[in-house]
Amino acid sequence: MGAPAAGRGLAAAVLLQAAVAAAAAGDDARLWLDRMAEALRRLDYEGVFVYRHGGGMTTMALVHGRVGGVERERLYALDGAPREIVRDGDGLTYVLPDGGAVRIPEGVPPATLGWRLAGGLDAVEAGYRLHTAGEGRVAGRRAVVVAIEPRDRYRYGYRLWLDREHALPLRVELREGGRVLETVLFTSLRVGGAIPRERFEAAPGGTRLRMHEVPAAGPQADPGRWRLGRLPPGFRLVGRGMTRLPGAGDEAVHLLISDGLAAVSVYVEEAGAAGGLEGLVRMGAVSAYGRILDGHRVTAVGEVPPPTVRMVAEGIEEGG
């Protein structure tokens, strides 16, 4: 009897040690993600990265810093047609390949540029398991690897290589099971030092842009008319408003939901002519689902698996 009892005691000790190690890895992951979120907001940095998605590859440059106490960020393509996004405080300017530009003055959803943890890590852990997964090296810099694994089929997983010195993400993978859907990989990164104001300007060098200012929503707008029904676990409403982009005609209700990492935008607009999305479409990591509801077109789109956008769109109800 003594030997089996001793064996059971040893097994229990091993399991306890493994549980403690797993908990410590989770705690380490939280600390690194906290550091990352703070570094992305606070530090001045610029770099070049490669964005791989859907069998294609784009080289991009990113500049981030503060000008006059206001957080600013510029993301622009280094190959292909000229295009960029500039953030100045809460406003966004999209520079299009044809030299046009669209300015959205307010209401920018979270995670538009950079990597943002919307809602804090407690919200994130409702849908994901966090743990450290070793170390690596990216762009000549030592990195800690943090794994963010989905708890269900309604979200993708992430793997982040965070710079040991500054906690900035040097490499980010979006994963579905064992498959990598998208990769952001920095080839160079410089942290600190003054960044001239002109580096944050859209299309610098005297290029003239045809600027279009998106108008504010009119007094007839009623985003509260529509409400969310059943949502995937861990997702919640984080933004509600009206939007009207060039060429889109009437205003559309915009509802934004997030689980802290992934986000889904829901648009409700007059159905109008045929030709809008009905049913499910998947484009790489992006899924979209459209349906007609009482003469309105409901479209849910986001970097999430197909079941997520389907559930969100099917759950939209009228009645505030």
# chains A, B, ... in the order shown; residues from 1 in each chain; ligands from 1
>>> residues_around(residues="A:Glu125", least_positions_apart="6", cutoff="12 Å", atoms="only C-alpha atoms", output="tab-separated table (two decimals) with C-alpha atoms, in the first residue's frame")
chain	number	residue	atom	x	y	z
A	26	GLY	CA	-0.35	33.67	-17.21
A	27	ASP	CA	0.70	36.36	-14.76
A	29	ALA	CA	1.67	37.39	-19.95
A	30	ARG	CA	-0.60	39.94	-18.24
A	33	LEU	CA	0.55	42.97	-22.24
A	117	LEU	CA	-6.44	46.51	-25.67
A	119	GLY	CA	-11.54	47.32	-22.16
A	131	HIS	CA	0.52	32.69	-21.33
A	148	ILE	CA	-3.31	34.63	-26.68
A	149	GLU	CA	-5.45	31.56	-27.33
A	150	PRO	CA	-9.21	31.65	-27.99
A	151	ARG	CA	-11.53	29.86	-25.58
A	233	PRO	CA	-19.60	35.17	-25.31
A	234	GLY	CA	-17.31	37.96	-24.13
A	235	PHE	CA	-18.39	40.52	-26.74
A	259	ASP	CA	-14.19	41.35	-26.78
A	260	GLY	CA	-11.19	43.50	-25.84
A	261	LEU	CA	-9.09	42.44	-28.84
>>> residues_around(residues="A:Arg227", least_positions_apart="5", cutoff="10 Å", atoms="only C-alpha atoms", output="list in words")
Leu237, Arg240, Leu255, Gly315, Ile316, Glu317, Glu318, Gly319 and Gly320 of chain A
>>> write_last_selection(atoms="N, CA and C atoms", output="PDB file, in the first residue's frame")
ATOM      1  N   LEU A 237     -21.095  45.810 -26.442  1.00  0.00           N
ATOM      2  CA  LEU A 237     -21.177  47.058 -27.188  1.00  0.00           C
ATOM      3  C   LEU A 237     -20.191  48.066 -26.610  1.00  0.00           C
ATOM      4  N   ARG A 240     -21.526  53.432 -30.341  1.00  0.00           N
ATOM      5  CA  ARG A 240     -22.783  53.533 -31.076  1.00  0.00           C
ATOM      6  C   ARG A 240     -22.859  54.931 -31.678  1.00  0.00           C
ATOM      7  N   LEU A 255     -22.788  50.337 -35.060  1.00  0.00           N
ATOM      8  CA  LEU A 255     -22.625  49.750 -33.739  1.00  0.00           C
ATOM      9  C   LEU A 255     -21.293  49.012 -33.718  1.00  0.00           C
ATOM     10  N   GLY A 315     -28.736  38.777 -34.761  1.00  0.00           N
ATOM     11  CA  GLY A 315     -29.277  39.202 -33.474  1.00  0.00           C
ATOM     12  C   GLY A 315     -29.753  40.650 -33.431  1.00  0.00           C
ATOM     13  N   ILE A 316     -29.499  41.444 -34.493  1.00  0.00           N
ATOM     14  CA  ILE A 316     -29.927  42.839 -34.513  1.00  0.00           C
ATOM     15  C   ILE A 316     -31.449  42.927 -34.508  1.00  0.00           C
ATOM     16  N   GLU A 317     -31.990  43.788 -33.659  1.00  0.00           N
ATOM     17  CA  GLU A 317     -33.436  43.958 -33.546  1.00  0.00           C
ATOM     18  C   GLU A 317     -33.784  45.432 -33.550  1.00  0.00           C
ATOM     19  N   GLU A 318     -34.972  45.737 -33.999  1.00  0.00           N
ATOM     20  CA  GLU A 318     -35.455  47.110 -33.979  1.00  0.00           C
ATOM     21  C   GLU A 318     -36.304  47.310 -32.726  1.00  0.00           C
ATOM     22  N   GLY A 319     -36.139  48.489 -32.126  1.00  0.00           N
ATOM     23  CA  GLY A 319     -36.985  48.762 -30.966  1.00  0.00           C
ATOM     24  C   GLY A 319     -36.264  49.403 -29.807  1.00  0.00           C
ATOM     25  N   GLY A 320     -34.941  49.690 -29.982  1.00  0.00           N
ATOM     26  CA  GLY A 320     -34.192  50.438 -28.971  1.00  0.00           C
ATOM     27  C   GLY A 320     -34.159  49.825 -27.669  1.00  0.00           C
TER      28      GLY A 320
END
>>> atom_distance(atom1="atom CA of A:Leu256", atom2="atom CA of A:Arg282")
19.2 Å
>>> residues_around(residues="stretch 37-43 of chain A", least_positions_apart="3", cutoff="12 Å", atoms="only C-alpha atoms", output="VMD selection string")
chain A and resid 30 to 34 46 62 to 66 69 to 73 89 111 113 to 121 162 to 170 190 to 195 261
